[in-house]
file query30.tsv (TSV, C-alpha atoms)
chain	number	residue	atom	x	y	z
Z	26	MET	CA	0.00	0.00	0.00
Z	27	GLY	CA	1.06	3.56	-0.56
Z	28	PHE	CA	0.67	6.53	1.69
Z	29	ALA	CA	-0.95	9.93	1.71
Z	30	PRO	CA	1.29	12.97	1.37
Z	31	SER	CA	2.19	14.89	4.49
Z	32	ALA	CA	0.53	18.20	5.22
Z	33	ALA	CA	3.86	19.92	4.70
Z	34	ALA	CA	4.07	18.53	1.17
Z	35	TYR	CA	0.44	18.99	0.18
Z	36	ASP	CA	-2.77	20.40	1.60
Z	37	ALA	CA	-5.72	18.90	-0.24
Z	38	GLN	CA	-8.29	20.64	1.94
Z	39	SER	CA	-7.19	24.11	0.86
Z	40	LYS	CA	-8.22	23.11	-2.66
Z	41	GLN	CA	-11.60	21.67	-1.68
Z	42	TRP	CA	-13.33	24.93	-2.52
Z	43	TYR	CA	-16.85	23.66	-1.69
Z	44	LEU	CA	-16.25	23.08	2.03
Z	45	ASP	CA	-16.62	26.76	2.94
Z	46	PRO	CA	-19.70	27.62	0.83
Z	47	MET	CA	-21.41	24.44	1.96
Z	48	LYS	CA	-20.56	25.53	5.53
Z	49	ALA	CA	-19.02	22.21	6.49
Z	50	GLU	CA	-17.70	23.39	9.85
Z	51	GLU	CA	-21.16	24.58	10.87
Z	52	MET	CA	-22.78	21.33	9.75
Z	53	TRP	CA	-20.29	19.23	11.73
Z	54	LYS	CA	-21.50	20.90	14.93
Z	55	VAL	CA	-24.83	19.17	14.26
Z	56	SER	CA	-23.82	16.04	12.36
Z	57	THR	CA	-20.67	14.38	11.07
Z	58	GLY	CA	-22.35	11.35	9.57
Z	59	LYS	CA	-21.64	9.23	12.66
Z	60	GLY	CA	-23.49	5.93	12.67
Z	61	VAL	CA	-24.02	5.84	8.93
Z	62	LYS	CA	-22.26	3.30	6.74
Z	63	VAL	CA	-21.71	3.99	3.05
Z	64	ALA	CA	-20.93	1.26	0.54
Z	65	VAL	CA	-18.41	2.46	-2.01
Z	66	ILE	CA	-18.67	0.22	-5.07
Z	67	ASP	CA	-15.64	1.12	-7.11
Z	68	SER	CA	-12.04	0.17	-7.93
Z	69	GLY	CA	-11.35	-0.72	-4.30
Z	70	VAL	CA	-10.54	1.45	-1.29
Z	71	ASN	CA	-7.05	1.80	0.16
Z	72	ALA	CA	-7.74	1.75	3.89
Z	73	ASP	CA	-4.17	2.83	4.71
Z	74	THR	CA	-4.16	6.42	3.46
Z	75	ALA	CA	-3.78	8.93	6.26
Z	76	SER	CA	-7.26	10.31	5.68
Z	77	LEU	CA	-8.94	6.88	5.79
Z	78	LYS	CA	-7.21	5.24	8.74
Z	79	GLY	CA	-9.97	3.86	10.95
Z	80	GLN	CA	-12.67	4.84	8.46
Z	81	VAL	CA	-12.92	1.67	6.37
Z	82	LEU	CA	-14.83	-1.34	7.72
Z	83	VAL	CA	-12.92	-4.04	5.89
Z	84	ASP	CA	-14.31	-6.84	8.07
Z	85	GLU	CA	-17.87	-5.95	7.07
Z	86	VAL	CA	-17.42	-6.71	3.38
Z	87	PRO	CA	-19.36	-9.91	2.59
Z	88	LYS	CA	-16.90	-12.72	1.92
Z	89	SER	CA	-18.48	-13.53	-1.44
Z	90	VAL	CA	-17.33	-10.16	-2.83
Z	91	SER	CA	-14.36	-9.38	-0.61
Z	92	TYR	CA	-11.58	-10.22	-3.07
Z	93	HIS	CA	-8.90	-7.50	-2.77
Z	94	ALA	CA	-11.47	-5.00	-1.51
Z	95	THR	CA	-8.70	-2.71	-0.21
Z	96	ASP	CA	-6.46	-3.08	-3.26
Z	97	ASP	CA	-7.41	-0.03	-5.31
Z	98	TYR	CA	-6.02	-0.47	-8.80
Z	99	THR	CA	-6.63	3.11	-10.02
Z	100	GLY	CA	-6.98	5.33	-6.93
Z	101	HIS	CA	-10.53	6.22	-7.95
Z	102	GLY	CA	-12.39	4.33	-5.24
Z	103	THR	CA	-10.09	5.66	-2.54
Z	104	THR	CA	-10.76	9.21	-3.70
Z	105	MET	CA	-14.52	8.63	-3.48
Z	106	ALA	CA	-14.16	7.17	0.01
Z	107	GLU	CA	-12.08	10.13	1.18
Z	108	LEU	CA	-14.53	12.66	-0.27
Z	109	ILE	CA	-17.28	10.94	1.71
Z	110	ALA	CA	-15.64	10.07	5.03
Z	111	GLY	CA	-12.01	11.13	4.98
Z	112	THR	CA	-10.67	12.72	8.17
Z	113	GLY	CA	-8.26	15.02	6.35
Z	114	ALA	CA	-5.31	13.70	8.36
Z	115	GLY	CA	-1.87	14.09	6.85
Z	116	GLY	CA	-2.94	16.81	4.45
Z	117	GLY	CA	-5.38	14.42	2.79
Z	118	LEU	CA	-8.84	15.01	1.44
Z	119	GLN	CA	-11.42	16.09	3.99
Z	120	GLY	CA	-14.62	14.12	3.75
Z	121	LEU	CA	-17.90	15.98	3.99
Z	122	ALA	CA	-19.15	13.33	6.43
Z	123	PRO	CA	-16.03	12.44	8.45
Z	124	GLY	CA	-18.03	10.57	11.06
Z	125	ALA	CA	-19.42	8.10	8.53
Z	126	LYS	CA	-17.77	4.75	7.80
Z	127	ILE	CA	-16.95	3.16	4.46
Z	128	VAL	CA	-17.65	-0.43	3.44
Z	129	PRO	CA	-15.51	-1.07	0.33
Z	130	PHE	CA	-16.56	-3.12	-2.68
Z	131	ARG	CA	-14.01	-3.71	-5.44
Z	132	ILE	CA	-15.47	-4.47	-8.86
Z	133	ASP	CA	-14.24	-4.98	-12.40
Z	134	LEU	CA	-13.99	-1.48	-13.87
Z	135	GLU	CA	-11.89	0.11	-16.55
Z	136	GLY	CA	-8.25	-0.10	-15.46
Z	137	LEU	CA	-8.32	-3.58	-13.95
Z	138	LYS	CA	-5.68	-5.67	-15.68
Z	139	GLY	CA	-5.09	-9.39	-15.95
Z	140	ALA	CA	-7.44	-12.21	-16.88
Z	141	GLU	CA	-7.10	-13.87	-13.49
Z	142	GLU	CA	-7.84	-10.61	-11.64
Z	143	LYS	CA	-10.90	-10.05	-13.78
Z	144	ARG	CA	-12.11	-13.58	-13.12
Z	145	LYS	CA	-11.78	-13.25	-9.34
Z	146	THR	CA	-13.13	-9.71	-9.08
Z	147	PRO	CA	-16.90	-9.32	-8.61
Z	148	ASP	CA	-18.99	-7.34	-11.05
Z	149	ASP	CA	-21.26	-4.47	-10.10
Z	150	THR	CA	-24.34	-6.69	-9.99
Z	151	GLU	CA	-22.81	-8.95	-7.37
Z	152	ALA	CA	-21.56	-5.99	-5.34
Z	153	ILE	CA	-24.90	-4.15	-5.35
Z	154	ARG	CA	-26.74	-7.25	-4.17
Z	155	ALA	CA	-24.15	-7.97	-1.50
Z	156	ALA	CA	-24.25	-4.38	-0.25
Z	157	ALA	CA	-28.04	-4.56	-0.09
Z	158	ASP	CA	-27.75	-7.45	2.36
Z	159	THR	CA	-25.60	-5.45	4.79
Z	160	ASP	CA	-26.56	-2.63	7.13
Z	161	VAL	CA	-25.13	0.13	4.92
Z	162	LYS	CA	-27.66	2.88	4.38
Z	163	ILE	CA	-26.18	4.44	1.24
Z	164	ILE	CA	-24.68	2.79	-1.84
Z	165	ASN	CA	-22.35	5.07	-3.78
Z	166	MET	CA	-21.78	4.10	-7.42
Z	167	SER	CA	-19.34	6.47	-9.08
Z	168	PHE	CA	-19.17	4.47	-12.28
Z	169	GLY	CA	-21.27	3.96	-15.36
Z	170	SER	CA	-21.75	2.18	-18.65
Z	171	GLU	CA	-23.86	2.59	-21.74
Z	172	GLY	CA	-26.01	-0.38	-20.73
Z	173	PRO	CA	-28.62	-1.09	-19.78
Z	174	SER	CA	-28.17	-4.50	-18.22
Z	175	SER	CA	-31.27	-6.33	-17.03
Z	176	LYS	CA	-29.19	-8.06	-14.33
Z	177	GLU	CA	-27.90	-4.72	-13.07
Z	178	GLU	CA	-31.41	-3.28	-13.03
Z	179	ALA	CA	-32.64	-6.28	-11.05
Z	180	ALA	CA	-29.81	-5.76	-8.55
Z	181	VAL	CA	-30.74	-2.09	-8.19
Z	182	GLU	CA	-34.37	-3.01	-7.59
Z	183	TYR	CA	-33.30	-5.56	-4.99
Z	184	ALA	CA	-31.27	-2.91	-3.14
Z	185	ALA	CA	-34.16	-0.44	-3.35
Z	186	SER	CA	-36.49	-3.04	-1.85
Z	187	LYS	CA	-34.10	-3.19	1.12
Z	188	GLY	CA	-34.48	0.54	1.77
Z	189	LYS	CA	-31.04	1.57	0.50
Z	190	LEU	CA	-30.35	5.00	-0.93
Z	191	LEU	CA	-28.60	4.41	-4.26
Z	192	ILE	CA	-26.57	7.32	-5.62
Z	193	ALA	CA	-24.69	7.27	-8.92
Z	194	ALA	CA	-22.65	9.53	-11.20
Z	195	VAL	CA	-24.55	10.46	-14.38
Z	196	GLY	CA	-21.39	10.33	-16.51
Z	197	ASN	CA	-18.92	12.60	-18.28
Z	198	SER	CA	-20.11	12.76	-21.86
Z	199	GLY	CA	-21.44	16.30	-21.69
Z	200	GLN	CA	-19.08	17.50	-24.41
Z	201	THR	CA	-20.20	14.81	-26.81
Z	202	ALA	CA	-23.59	13.10	-26.80
Z	203	GLY	CA	-24.42	14.01	-23.21
Z	204	THR	CA	-25.75	10.50	-22.66
Z	205	ILE	CA	-26.37	9.49	-19.06
Z	206	GLY	CA	-24.99	6.09	-18.16
Z	207	TYR	CA	-26.27	3.24	-16.06
Z	208	PRO	CA	-26.87	2.66	-13.18
Z	209	ALA	CA	-27.70	6.39	-12.85
Z	210	ALA	CA	-30.44	6.07	-15.49
Z	211	PHE	CA	-32.20	3.20	-13.73
Z	212	PRO	CA	-35.30	3.70	-11.57
Z	213	TYR	CA	-34.57	4.04	-7.84
Z	214	VAL	CA	-31.12	5.52	-8.44
Z	215	VAL	CA	-30.42	9.19	-7.66
Z	216	GLY	CA	-28.34	10.48	-10.57
Z	217	VAL	CA	-25.89	13.28	-9.74
Z	218	SER	CA	-24.35	15.79	-12.14
Z	219	SER	CA	-21.35	18.07	-11.53
Z	220	THR	CA	-20.93	21.79	-11.03
Z	221	ASP	CA	-17.92	24.05	-10.72
Z	222	GLU	CA	-17.11	26.66	-8.08
Z	223	SER	CA	-19.47	29.22	-9.64
Z	224	GLY	CA	-22.40	26.82	-9.49
Z	225	THR	CA	-22.30	26.31	-13.25
Z	226	VAL	CA	-22.83	22.84	-14.64
Z	227	SER	CA	-19.49	21.28	-15.58
Z	228	LYS	CA	-18.95	21.11	-19.30
Z	229	PHE	CA	-18.11	17.41	-19.07
Z	230	SER	CA	-21.23	16.54	-17.06
Z	231	SER	CA	-23.79	14.34	-18.83
Z	232	TYR	CA	-27.33	15.65	-19.03
Z	233	GLY	CA	-30.87	14.53	-19.69
Z	234	GLY	CA	-33.98	13.20	-17.98
Z	235	TYR	CA	-32.14	11.21	-15.34
Z	236	VAL	CA	-30.32	13.96	-13.46
Z	237	ASP	CA	-31.83	14.23	-9.98
Z	238	LEU	CA	-29.34	16.38	-8.08
Z	239	THR	CA	-26.05	18.18	-8.62
Z	240	ALA	CA	-22.96	18.60	-6.44
Z	241	PRO	CA	-19.38	19.91	-6.73
Z	242	GLY	CA	-17.36	17.76	-9.12
Z	243	GLN	CA	-14.37	19.64	-10.43
Z	244	ASP	CA	-11.24	21.61	-9.59
Z	245	PHE	CA	-10.20	19.75	-6.45
Z	246	PRO	CA	-7.65	16.95	-5.92
Z	247	GLY	CA	-7.85	13.19	-5.94
Z	248	TRP	CA	-5.74	10.08	-6.27
Z	249	CYS	CA	-4.98	9.31	-9.89
Z	250	ASP	CA	-2.99	6.06	-9.75
Z	251	ALA	CA	-2.43	2.99	-7.63
Z	252	ASN	CA	0.81	4.21	-6.04
Z	253	PHE	CA	-0.80	6.59	-3.53
Z	254	ARG	CA	2.25	8.80	-3.26
Z	255	SER	CA	0.68	12.10	-4.27
Z	256	TYR	CA	-2.64	13.58	-5.24
Z	257	CYS	CA	-3.30	14.98	-8.67
Z	258	ASP	CA	-4.96	18.37	-8.99
Z	259	ASP	CA	-8.29	18.70	-10.77
Z	260	VAL	CA	-9.44	15.09	-10.80
Z	261	ASN	CA	-12.72	16.13	-12.36
Z	262	GLY	CA	-15.88	14.10	-12.89
Z	263	THR	CA	-19.43	13.39	-11.86
Z	264	SER	CA	-17.89	10.60	-9.76
Z	265	SER	CA	-16.80	13.17	-7.19
Z	266	ALA	CA	-20.19	14.86	-7.32
Z	267	ALA	CA	-21.92	11.57	-6.51
Z	268	ALA	CA	-19.58	11.03	-3.56
Z	269	ILE	CA	-20.35	14.47	-2.16
Z	270	ALA	CA	-24.08	13.81	-2.59
Z	271	SER	CA	-23.64	10.53	-0.70
Z	272	ALA	CA	-21.82	12.36	2.08
Z	273	SER	CA	-24.63	14.93	2.21
Z	274	ALA	CA	-27.16	12.14	2.65
Z	275	ALA	CA	-25.02	10.62	5.39
Z	276	LEU	CA	-25.02	13.89	7.33
Z	277	ILE	CA	-28.80	14.07	7.18
Z	278	TRP	CA	-29.37	10.41	8.01
Z	279	SER	CA	-26.99	10.58	10.95
Z	280	ALA	CA	-28.92	13.51	12.42
Z	281	HIS	CA	-32.21	11.67	11.85
Z	282	PRO	CA	-31.47	7.94	12.16
Z	283	ASP	CA	-35.15	7.04	12.32
Z	284	TRP	CA	-35.88	8.50	8.88
Z	285	THR	CA	-36.46	6.21	5.90
Z	286	VAL	CA	-34.80	6.40	2.52
Z	287	ASN	CA	-37.88	8.24	1.25
Z	288	GLN	CA	-37.54	10.96	3.87
Z	289	VAL	CA	-33.80	11.43	3.35
Z	290	THR	CA	-34.29	11.63	-0.42
Z	291	ARG	CA	-37.17	14.06	-0.03
Z	292	ALA	CA	-35.09	16.26	2.25
Z	293	LEU	CA	-32.27	16.36	-0.30
Z	294	ILE	CA	-34.69	17.31	-3.08
Z	295	ASP	CA	-36.79	19.84	-1.16
Z	296	THR	CA	-33.77	21.76	0.18
Z	297	ALA	CA	-31.69	21.67	-3.00
Z	298	GLY	CA	-30.54	25.05	-4.31
Z	299	ARG	CA	-32.47	26.08	-7.45
Z	300	ASP	CA	-34.26	29.01	-9.01
Z	301	TRP	CA	-36.68	27.00	-11.11
Z	302	PRO	CA	-39.93	25.26	-10.12
Z	303	LYS	CA	-39.39	22.01	-8.26
Z	304	ASN	CA	-41.95	20.28	-10.47
Z	305	ASP	CA	-39.93	21.19	-13.58
Z	306	PRO	CA	-36.42	19.87	-12.87
Z	307	SER	CA	-33.42	20.97	-14.89
Z	308	LYS	CA	-31.99	18.81	-17.63
Z	309	TYR	CA	-28.52	19.62	-16.29
Z	310	LEU	CA	-28.95	20.16	-12.56
Z	311	GLY	CA	-32.03	18.11	-11.72
Z	312	TYR	CA	-33.80	19.38	-8.61
Z	313	GLY	CA	-30.79	21.50	-7.72
Z	314	ALA	CA	-27.58	21.55	-5.68
Z	315	VAL	CA	-27.34	19.46	-2.53
Z	316	ARG	CA	-27.55	21.62	0.62
Z	317	PRO	CA	-27.65	19.35	3.68
Z	318	ARG	CA	-27.03	22.31	5.98
Z	319	VAL	CA	-30.57	23.57	5.31
Z	320	VAL	CA	-31.94	20.37	6.85
Z	321	LEU	CA	-29.43	20.30	9.70
Z	322	ALA	CA	-30.10	23.92	10.60
Z	323	ASP	CA	-33.80	23.22	11.19
Z	324	ALA	CA	-34.30	21.02	14.25
Z	325	GLY	CA	-37.98	20.73	13.43
Z	326	TYR	CA	-37.57	19.92	9.77
Z	327	ASP	CA	-40.52	17.89	8.43
Z	328	PRO	CA	-39.32	15.16	6.03
Z	329	GLY	CA	-42.82	14.12	5.01
Z	330	SER	CA	-44.21	10.63	4.79
Z	331	ALA	CA	-41.91	7.73	5.63
Z	332	ASN	CA	-43.55	5.41	3.11
Z	333	VAL	CA	-44.09	7.68	0.10
Z	334	ASP	CA	-41.38	7.72	-2.56
Z	335	PRO	CA	-40.70	11.38	-3.48
Z	336	LEU	CA	-39.60	10.20	-6.95
Z	337	ALA	CA	-42.49	7.78	-7.41
Z	338	LYS	CA	-43.49	9.27	-10.76
Z	339	GLU	CA	-39.97	9.05	-12.12
Z	340	ASN	CA	-39.34	5.62	-10.64
Z	341	GLY	CA	-42.59	4.19	-11.91
Z	342	GLY	CA	-42.91	1.75	-9.02
Z	343	ASP	CA	-43.38	1.44	-5.28
Z	344	LEU	CA	-40.32	-0.53	-4.14
Z	345	LEU	CA	-39.08	2.31	-1.95
Z	346	ALA	CA	-42.53	2.95	-0.54
Z	347	LYS	CA	-42.73	-0.69	0.51
Z	348	SER	CA	-39.13	-0.95	1.69
Z	349	SER	CA	-38.22	-1.46	5.32
Z	350	SER	CA	-38.32	1.62	7.53
Z	351	SER	CA	-34.63	1.13	8.13
Z	352	SER	CA	-31.85	-0.26	5.95
Z	353	SER	CA	-31.12	-3.16	8.27
Z	354	SER	CA	-29.39	-6.24	7.01
Z	355	SER	CA	-31.40	-9.10	5.64
Z	356	SER	CA	-31.14	-12.67	6.80
Z	357	THR	CA	-31.90	-13.85	3.29
Z	358	PRO	CA	-28.84	-13.70	1.04
Z	359	SER	CA	-29.20	-12.35	-2.46
Z	360	ALA	CA	-29.00	-14.70	-5.38
Z	361	PRO	CA	-25.48	-14.82	-6.76
Z	362	SER	CA	-24.76	-13.53	-10.22
Z	363	THR	CA	-23.49	-16.15	-12.60
Z	364	SER	CA	-22.17	-13.91	-15.33
Z	365	LYS	CA	-21.19	-10.29	-15.78
Z	366	PRO	CA	-23.46	-7.87	-17.63
Z	367	GLN	CA	-22.36	-7.08	-21.14
Z	368	GLN	CA	-21.23	-3.52	-20.72
Z	369	ASN	CA	-18.19	-1.31	-20.91
Z	370	THR	CA	-18.09	-0.11	-17.35
Z	371	SER	CA	-15.90	2.80	-16.39
Z	372	THR	CA	-15.38	5.13	-13.49
Z	373	GLY	CA	-16.99	8.53	-13.59
Z	374	GLY	CA	-13.72	10.43	-13.55
Z	375	THR	CA	-12.31	12.47	-16.39
Z	376	SER	CA	-9.00	14.08	-17.12
Z	377	ALA	CA	-8.50	17.72	-16.30
Z	378	ALA	CA	-7.86	18.61	-19.92
Z	379	GLY	CA	-10.76	20.43	-21.51
Z	380	SER	CA	-13.08	19.91	-18.58
Z	381	THR	CA	-13.45	23.38	-17.11
Z	382	ALA	CA	-16.95	24.76	-17.53
Z	383	GLN	CA	-17.52	28.36	-18.48
Z	384	SER	CA	-18.00	30.69	-15.55
Z	385	SER	CA	-21.25	32.14	-14.34
Z	386	SER	CA	-21.65	35.67	-13.05
Z	387	ASP	CA	-23.69	34.38	-10.10
Z	388	SER	CA	-20.62	33.33	-8.14
Z	389	ASN	CA	-21.42	30.64	-5.57
Z	390	THR	CA	-25.09	31.51	-5.19
Z	391	LEU	CA	-26.09	27.93	-5.81
Z	392	TRP	CA	-24.22	26.90	-2.68
Z	393	ILE	CA	-24.53	29.72	-0.19
Z	394	ALA	CA	-28.01	31.16	-0.70
Z	395	LEU	CA	-30.62	29.87	1.72
Z	396	GLY	CA	-33.42	31.01	-0.55
Z	397	GLY	CA	-32.59	28.93	-3.62
Z	398	ALA	CA	-30.92	31.21	-6.15
Z	399	ALA	CA	-28.99	29.23	-8.75
Z	400	ALA	CA	-26.23	30.01	-11.18
Z	401	VAL	CA	-26.91	30.37	-14.87
Z	402	ILE	CA	-26.31	27.17	-16.78
Z	403	VAL	CA	-23.74	27.77	-19.47
Z	404	ILE	CA	-23.66	25.29	-22.32
Z	405	GLY	CA	-21.91	25.87	-25.61
Z	406	GLY	CA	-21.26	29.49	-24.76
Z	407	ALA	CA	-24.89	30.51	-24.19
Z	408	GLY	CA	-26.64	30.98	-20.87
Z	409	VAL	CA	-29.82	28.93	-20.94
Z	410	ALA	CA	-32.32	27.66	-18.43
Z	411	VAL	CA	-33.08	24.29	-19.95
Z	412	MET	CA	-35.77	22.20	-18.30
Z	413	ARG	CA	-36.52	18.58	-18.87
Z	414	ALA	CA	-39.59	16.44	-19.01
Z	415	ARG	CA	-38.88	13.58	-16.65
Z	416	ARG	CA	-39.81	10.23	-18.09
Z	417	ALA	CA	-41.71	7.67	-16.05
Z	418	ARG	CA	-38.90	5.26	-15.34

call {"tool": "encode", "arguments": {"input": "query30.tsv", "output": "structure tokens"}}
result
Amino acid sequence: MGFAPSAAAYDAQSKQWYLDPMKAEEMWKVSTGKGVKVAVIDSGVNADTASLKGQVLVDEVPKSVSYHATDDYTGHGTTMAELIAGTGAGGGLQGLAPGAKIVPFRIDLEGLKGAEEKRKTPDDTEAIRAAADTDVKIINMSFGSEGPSSKEEAAVEYAASKGKLLIAAVGNSGQTAGTIGYPAAFPYVVGVSSTDESGTVSKFSSYGGYVDLTAPGQDFPGWCDANFRSYCDDVNGTSSAAAIASASAALIWSAHPDWTVNQVTRALIDTAGRDWPKNDPSKYLGYGAVRPRVVLADAGYDPGSANVDPLAKENGGDLLAKSSSSSSSSSTPSAPSTSKPQQNTSTGGTSAAGSTAQSSSDSNTLWIALGGAAAVIVIGGAGVAVMRARRAR
């Protein structure tokens, strides 16, 4: 295993521009995410980085999918884990929910080499089902493929039936077709797009009828290889945005442990920063920017019905409404997957080159305004407020 750089050599937190506008220090006085476990289904999670020491529950990974769970072959999964629950020790990334714990799931993604490694490494379907049978509350999926895979969709539905909050990166094809990948496009998955420091949608961020929320996703550091000797600046992608959305959910769920997945999701949607009607979500930013502090600042916040899915129309089903009131582990194991879905699965990261979105004049309003003002969406050089018609998924 490698190591995180020392604070003297590097200070990742000084480059995590979103911590101040999201008022992280104020939120941590109310909630740090303590008591909430987040499954990170990715390229593995290095539990030995300075920021993740004591944060990764290696022993809680189901044995059926535990192969090399802490052997991160790209650095991507470790970055996601640190963005969610990193302590910031040693100059490392500061997680938005440093009290939360990570349960790592290593799957076969782009970058995994060797036929034997691929054979032994679980696929996303197996990992999702295994995570659903644990007591994690949130399943972070910062990866995507063109899909869809019926086996992957069945795994997602299984996890939803267990009351898990599934969060996924929408993808990084915004500069080409804009196509949103799977699992983000499946029912019961909260798809997250990326914004920059101004609150403008990232140019690389995919868009369409499956974006539910947006979160910061560019211009801050991350691990970019398997050596873990130094961070790379500007590890941009909707992957990071999904991780920050997962951390936001962890903060809320920790403060309200008796809430169901429906209530946590509704709180994220209702308090999201936007300046468009909630019933007409944006093609690029969904229901708006995650703002967990709005929920945490209101001790009497009403999350609505425990058994009503706030995305029922989009999801086209009632699995979440019928799910358990808590995401407790099941005594019935999930059916094992016998083959991998036919898909080209990749992480949601992108290179820094050509990924900086054009700036908005509404600097930071998406993050700091309590009322809901949002930055202008800039696509192709023109400021537009593009709305989407959500499909019944």

call {"tool": "closest_residue", "arguments": {"input": "query30.tsv", "among": "Z:Ser307, Z:Glu182, Z:Ala280, Z:Trp301", "to": "Gly233 of chain Z", "atoms": "all atoms listed in the file"}}
result
Z:Ser307

call {"tool": "residues_around", "arguments": {"input": "query30.tsv", "residues": "Gly102 of chain Z", "least_positions_apart": "4", "cutoff": "12 Å", "atoms": "all atoms listed in the file", "output": "NGL selection string"}}
result
:Z and (64-72 or 77 or 81 or 94-98 or 106-109 or 127-134 or 136 or 165-168 or 247-251 or 253 or 264-265 or 268 or 371-374)

call {"tool": "residues_near_point", "arguments": {"input": "query30.tsv", "point": "(-34.8, 13.7, -17.4)", "cutoff": "12 Å", "atoms": "all atoms listed in the file", "output": "mmCIF file with C-alpha atoms, keeping the file's coordinate frame"}}
result
data_model
loop_
_atom_site.group_PDB
_atom_site.id
_atom_site.type_symbol
_atom_site.label_atom_id
_atom_site.label_comp_id
_atom_site.auth_asym_id
_atom_site.auth_seq_id
_atom_site.Cartn_x
_atom_site.Cartn_y
_atom_site.Cartn_z
ATOM 1 C CA VAL Z 195 -24.550 10.460 -14.380
ATOM 2 C CA GLY Z 203 -24.420 14.010 -23.210
ATOM 3 C CA THR Z 204 -25.750 10.500 -22.660
ATOM 4 C CA ILE Z 205 -26.370 9.490 -19.060
ATOM 5 C CA ALA Z 209 -27.700 6.390 -12.850
ATOM 6 C CA ALA Z 210 -30.440 6.070 -15.490
ATOM 7 C CA PHE Z 211 -32.200 3.200 -13.730
ATOM 8 C CA PRO Z 212 -35.300 3.700 -11.570
ATOM 9 C CA VAL Z 215 -30.420 9.190 -7.660
ATOM 10 C CA GLY Z 216 -28.340 10.480 -10.570
ATOM 11 C CA VAL Z 217 -25.890 13.280 -9.740
ATOM 12 C CA SER Z 218 -24.350 15.790 -12.140
ATOM 13 C CA SER Z 231 -23.790 14.340 -18.830
ATOM 14 C CA TYR Z 232 -27.330 15.650 -19.030
ATOM 15 C CA GLY Z 233 -30.870 14.530 -19.690
ATOM 16 C CA GLY Z 234 -33.980 13.200 -17.980
ATOM 17 C CA TYR Z 235 -32.140 11.210 -15.340
ATOM 18 C CA VAL Z 236 -30.320 13.960 -13.460
ATOM 19 C CA ASP Z 237 -31.830 14.230 -9.980
ATOM 20 C CA LEU Z 238 -29.340 16.380 -8.080
ATOM 21 C CA ASN Z 304 -41.950 20.280 -10.470
ATOM 22 C CA ASP Z 305 -39.930 21.190 -13.580
ATOM 23 C CA PRO Z 306 -36.420 19.870 -12.870
ATOM 24 C CA SER Z 307 -33.420 20.970 -14.890
ATOM 25 C CA LYS Z 308 -31.990 18.810 -17.630
ATOM 26 C CA TYR Z 309 -28.520 19.620 -16.290
ATOM 27 C CA LEU Z 310 -28.950 20.160 -12.560
ATOM 28 C CA GLY Z 311 -32.030 18.110 -11.720
ATOM 29 C CA TYR Z 312 -33.800 19.380 -8.610
ATOM 30 C CA LYS Z 338 -43.490 9.270 -10.760
ATOM 31 C CA GLU Z 339 -39.970 9.050 -12.120
ATOM 32 C CA ASN Z 340 -39.340 5.620 -10.640
ATOM 33 C CA VAL Z 411 -33.080 24.290 -19.950
ATOM 34 C CA MET Z 412 -35.770 22.200 -18.300
ATOM 35 C CA ARG Z 413 -36.520 18.580 -18.870
ATOM 36 C CA ALA Z 414 -39.590 16.440 -19.010
ATOM 37 C CA ARG Z 415 -38.880 13.580 -16.650
ATOM 38 C CA ARG Z 416 -39.810 10.230 -18.090
ATOM 39 C CA ALA Z 417 -41.710 7.670 -16.050
ATOM 40 C CA ARG Z 418 -38.900 5.260 -15.340
#

call {"tool": "closest_residue", "arguments": {"input": "query30.tsv", "among": "Z:Val61, Z:Cys257, Z:Ala185, Z:Ala346", "to": "Asp283 of chain Z", "atoms": "all atoms listed in the file"}}
result
Z:Val61

call {"tool": "residues_near_point", "arguments": {"input": "query30.tsv", "point": "(-22.7, 3.5, 12.4)", "cutoff": "7 Å", "atoms": "only C-alpha atoms", "output": "list in words"}}
result
Lys59, Gly60, Val61, Lys62, Ala125 and Lys126 of chain Z

call {"tool": "write_last_selection", "arguments": {"input": "query30.tsv", "atoms": "C-alpha atoms", "output": "PDB file, in the coordinates of the input"}}
result
ATOM      1  CA  LYS Z  59     -21.640   9.230  12.660  1.00  0.00           C
ATOM      2  CA  GLY Z  60     -23.490   5.930  12.670  1.00  0.00           C
ATOM      3  CA  VAL Z  61     -24.020   5.840   8.930  1.00  0.00           C
ATOM      4  CA  LYS Z  62     -22.260   3.300   6.740  1.00  0.00           C
ATOM      5  CA  ALA Z 125     -19.420   8.100   8.530  1.00  0.00           C
ATOM      6  CA  LYS Z 126     -17.770   4.750   7.800  1.00  0.00           C
TER       7      LYS Z 126
END

call {"tool": "atom_distance", "arguments": {"input": "query30.tsv", "atom1": "atom CA of Gln288 of chain Z", "atom2": "atom CA of Tyr183 of chain Z"}}
result
19.2 Å

call {"tool": "atom_distance", "arguments": {"input": "query30.tsv", "atom1": "atom CA of Asp45 of chain Z", "atom2": "atom CA of Ala272 of chain Z"}}
result
15.3 Å

call {"tool": "residues_around", "arguments": {"input": "query30.tsv", "residues": "Ala292 of chain Z", "least_positions_apart": "2", "cutoff": "9 Å", "atoms": "only C-alpha atoms", "output": "PyMOL selection string"}}
result
chain Z and resi 274+277+287-290+294-297+317+320+326-329

call {"tool": "write_last_selection", "arguments": {"input": "query30.tsv", "atoms": "C-alpha atoms", "output": "short mmCIF file (atom, residue, chain, number, x, y, z; two decimals), keeping the file's coordinate frame"}}
result
data_model
loop_
_atom_site.label_atom_id
_atom_site.label_comp_id
_atom_site.auth_asym_id
_atom_site.auth_seq_id
_atom_site.Cartn_x
_atom_site.Cartn_y
_atom_site.Cartn_z
CA ALA Z 274 -27.16 12.14 2.65
CA ILE Z 277 -28.80 14.07 7.18
CA ASN Z 287 -37.88 8.24 1.25
CA GLN Z 288 -37.54 10.96 3.87
CA VAL Z 289 -33.80 11.43 3.35
CA THR Z 290 -34.29 11.63 -0.42
CA ILE Z 294 -34.69 17.31 -3.08
CA ASP Z 295 -36.79 19.84 -1.16
CA THR Z 296 -33.77 21.76 0.18
CA ALA Z 297 -31.69 21.67 -3.00
CA PRO Z 317 -27.65 19.35 3.68
CA VAL Z 320 -31.94 20.37 6.85
CA TYR Z 326 -37.57 19.92 9.77
CA ASP Z 327 -40.52 17.89 8.43
CA PRO Z 328 -39.32 15.16 6.03
CA GLY Z 329 -42.82 14.12 5.01
#
